Amino acid sequence: MVNHWSKKVVAQDKLAAELDARFALMPGYLNLRKFKDGILSLDHAWSVYEYKAMMKVIVGAVSDLCPPEGLDLLMEYLHIHYLSHYAVHTDESLEWLSSAVFTFTRLLLNPVGAFVINNLVEPDYDPQRLHYMLHYAHTVRMKGALPSYSTELTEIHHLPLKRAFRRSNKRQEHAIKFVLRDQTTLAAFQKMVDDFQVDTAEAVVGDSDDSDSESQLQVEEEMEDDREARSRLCGTRIYTWPKQRRPGWPMRAEKTENELSLPGLTRAILHYFKDSTIEAAALSNIDPDPLIYVYDSLRVKYPSWIEEEVGTIQISSATDPSSNLRVPPKEHYLPGSAKTISERIKCAPVGKGRRDAVLVTRPTQQGDAAMRGWKVAQVLLLFKCRQFMREEQDELAFVSLFDTKKKASVTSNKMYLLKRSTKFTVINVKDIERPVHLIPKFGSDVGNSVEVKRRLDQAQESLRLNDIFNTNGLGNSDGEDNQSEASTQPVLDSMAYYSEFWLNNWIDANMYKRIY
């Protein structure tokens with residue numbers, strides 16, 4: 001359905017090339033499919049995984065390019081997709097789902113609307129899959145959250161049959177033999193495992209005594225305590241550093257600043273420690289050029305559900321009316337759903353990989369009230385540093401801040417519009433809430449993204465040839481490596497080329513819930 005409409009809308013060659021270039025210029029992100037040549041240039045039918053990858057970035061790609069009616073319809077469809085995949089629902093979220101379905105249907109089938117007038121859909125267009133959306137909210141109330149009975153849960157059971165069919169050279173008369181042989185082997189192995197577990201359990205019971213029972217009870221209590229500890233940690237963020245730091249470090253801050261072309265790093269480190277200390281006497285112990293340990297990544301684990309989802313209904317206790325008890329949603333919480341999300345924040349050297357953007361907690365920030373005390377920043381350096389003659393190391397990040405140019409409530413695509421600023425600062429990694437995905441503001445000029453892609457491709461190819469040239473020993477005659485300054489570094493990706501970005505609130509369910 002979406003494929004049919006997109007091919008009708010994107011009919012002009014220049015417009016199709018522009019859309020392909022925008023998808024190709026999309027900054028990378030964890031588990032995000034990279035369309036190096038765009039989407040319309042694909043010579044095969046789009047798979048469900050490609051559809052999902054497109055849905056994560058499509059709003060930013062078509063912004064300033066798609067008519068308002070098309071953008072509104074697209075966002076309502078995405079609302080339906082994200083809300084229907086909620087693993088936990090409240091009455092309020094189900095009302096949002098019903099409203100999104102109603103608005104989507106009204107925009108699409110309006111007799112005087114753009115889609116009917118321009119013959120993109122027939123006036124009586126009503127496929128069965130579209131009609132099913134009207135029953136989503138009622139079905140959740142009757143049977144629970146929709147992902148609990150999604151066909152994705154059973155698709156994996158088809159894989160053994162498909163593999164057996166391929167091994168039979170796709171001959172129907174032989175395929176059943178391969179299937180039966182595989183299933184017989186699996187059944188025999190499972191029986192052996194079950195018999196082994198029964199024999200082991202009987203042996204343990206027969207040889208047990210009182211001391212063993214007490215020991216077993218102690219082990220069970222420790223396991224229960226461990227489960228309680230893990231459940232408490234589900235509501236907090238956990239930061240894990242890699243075992244190996246970047247080769248060549250530790251190194252002094254000033255030398256690191258020159259080596260990595262990060263002007264202002266040493267000054268920002270000193271400013272951070274001067275602001276963080278309370279005792280004036282400690283200022284005299286600050287090392288003006290501290291030793292730092294640089295890393296290329298940092299793993300952050302954060303709660304998958306925002307606080308309001310755990311329980312939004314508050315009731316007063318009968319015995320103590322002043323105390324409010326938070327109760328869980330009455331609809332459904334999908335069993336086995338992950339309570340935490342683990343993602344790796346990358347900060348690779350220039351030209352060697354991604355430098356991810358992150359959401360930073362800034363409770364004292366007054367200029368970005370629409371961001372609820374948040375700021376968006378790009379991580380330029382992840383490092384550990386020791387000051388005040390302490391044994392423990394401070395875990396820090398050197399970041400480039402973005403300013404919020406427009407609130408999400410006033411933009412046509414309901415995304416925050418950010419602009420890269422000249423502000424650089426050092427923050428504690430504990431202020432990082434999660435990584436975020438930024439989409440360049442491509443603008444409304446058709447053909448501009450095609451030209452940008454051509455320039456970046458040329459810069460990357462030139463850098464690749466230079467690396468080959470230097471690797472073969474054809475560089476400087478004196479054998480010294482060229483150290484490029486920040487002003488002469490080639491622009492290799494769209495994050496460095498563009499100055500304005502959309503904060504992508506469609507990248508995953510957690511980010512979607514934070515914005516809406």
# chains A, B, ... in the order shown; residues from 1 in each chain; ligands from 1
>>> residues_around(residues="Leu71 (chain A)", least_positions_apart="4", cutoff="8 Å", atoms="only C-alpha atoms", output="list in words")
Val59, Val62, Ser63, Cys66, Pro67, Met75 and Asn413 of chain A
>>> residues_around(residues="Pro440 (chain A)", least_positions_apart="3", cutoff="7 Å", atoms="only C-alpha atoms", output="list in words")
Tyr498, Glu500, Phe501 and Trp502 of chain A
>>> write_last_selection(atoms="C-alpha atoms", output="PDB file, in the first residue's frame")
ATOM      1  CA  TYR A 498      25.004  20.576   7.785  1.00  0.00           C
ATOM      2  CA  GLU A 500      20.724  22.470  11.306  1.00  0.00           C
ATOM      3  CA  PHE A 501      19.163  19.148  12.279  1.00  0.00           C
ATOM      4  CA  TRP A 502      15.865  17.578  13.230  1.00  0.00           C
TER       5      TRP A 502
END
>>> closest_atom_pairs(of="region 45-88 of chain A", to="region 106-123 of chain A", cutoff="9 Å", atoms="only C-alpha atoms", output="JSON lines")
{"residue": "A:Glu69", "atom": "CA", "partner": "A:Ala114", "partner_atom": "CA", "distance": 7.0}
{"residue": "A:Gly70", "atom": "CA", "partner": "A:Ala114", "partner_atom": "CA", "distance": 8.4}
{"residue": "A:Asp72", "atom": "CA", "partner": "A:Leu107", "partner_atom": "CA", "distance": 8.2}
{"residue": "A:Leu73", "atom": "CA", "partner": "A:Leu107", "partner_atom": "CA", "distance": 6.4}
>>> closest_atom_pairs(of="region 388-445 of chain A", to="region 291-295 of chain A", cutoff="12 Å", atoms="only C-alpha atoms", output="JSON lines")
{"residue": "A:Met389", "atom": "CA", "partner": "A:Leu291", "partner_atom": "CA", "distance": 11.8}
{"residue": "A:Gln393", "atom": "CA", "partner": "A:Ile292", "partner_atom": "CA", "distance": 9.4}
{"residue": "A:Asp394", "atom": "CA", "partner": "A:Ile292", "partner_atom": "CA", "distance": 9.8}
{"residue": "A:Glu395", "atom": "CA", "partner": "A:Tyr293", "partner_atom": "CA", "distance": 9.6}
{"residue": "A:Leu396", "atom": "CA", "partner": "A:Val294", "partner_atom": "CA", "distance": 9.8}
{"residue": "A:Ala397", "atom": "CA", "partner": "A:Val294", "partner_atom": "CA", "distance": 9.6}
{"residue": "A:Phe398", "atom": "CA", "partner": "A:Val294", "partner_atom": "CA", "distance": 10.8}
>>> write_last_selection(atoms="N, CA and C atoms", output="short mmCIF file (atom, residue, chain, number, x, y, z; two decimals), in the first residue's frame")
data_model
loop_
_atom_site.label_atom_id
_atom_site.label_comp_id
_atom_site.auth_asym_id
_atom_site.auth_seq_id
_atom_site.Cartn_x
_atom_site.Cartn_y
_atom_site.Cartn_z
N MET A 389 44.11 15.13 43.49
CA MET A 389 44.90 14.05 44.08
C MET A 389 44.02 12.92 44.62
N GLN A 393 38.80 8.10 39.34
CA GLN A 393 38.83 8.92 38.14
C GLN A 393 37.45 9.47 37.82
N ASP A 394 37.40 10.70 37.35
CA ASP A 394 36.14 11.28 36.88
C ASP A 394 35.89 10.82 35.45
N GLU A 395 34.66 10.39 35.17
CA GLU A 395 34.28 9.89 33.86
C GLU A 395 33.58 11.02 33.11
N LEU A 396 34.24 11.53 32.07
CA LEU A 396 33.83 12.78 31.44
C LEU A 396 33.67 12.62 29.93
N ALA A 397 33.08 13.65 29.33
CA ALA A 397 32.91 13.72 27.88
C ALA A 397 33.05 15.16 27.43
N PHE A 398 33.75 15.38 26.35
CA PHE A 398 33.88 16.69 25.72
C PHE A 398 32.88 16.75 24.58
#
>>> atom_distance(atom1="CA of Met54 (chain A)", atom2="CA of Leu19 (chain A)")
11.7 Å
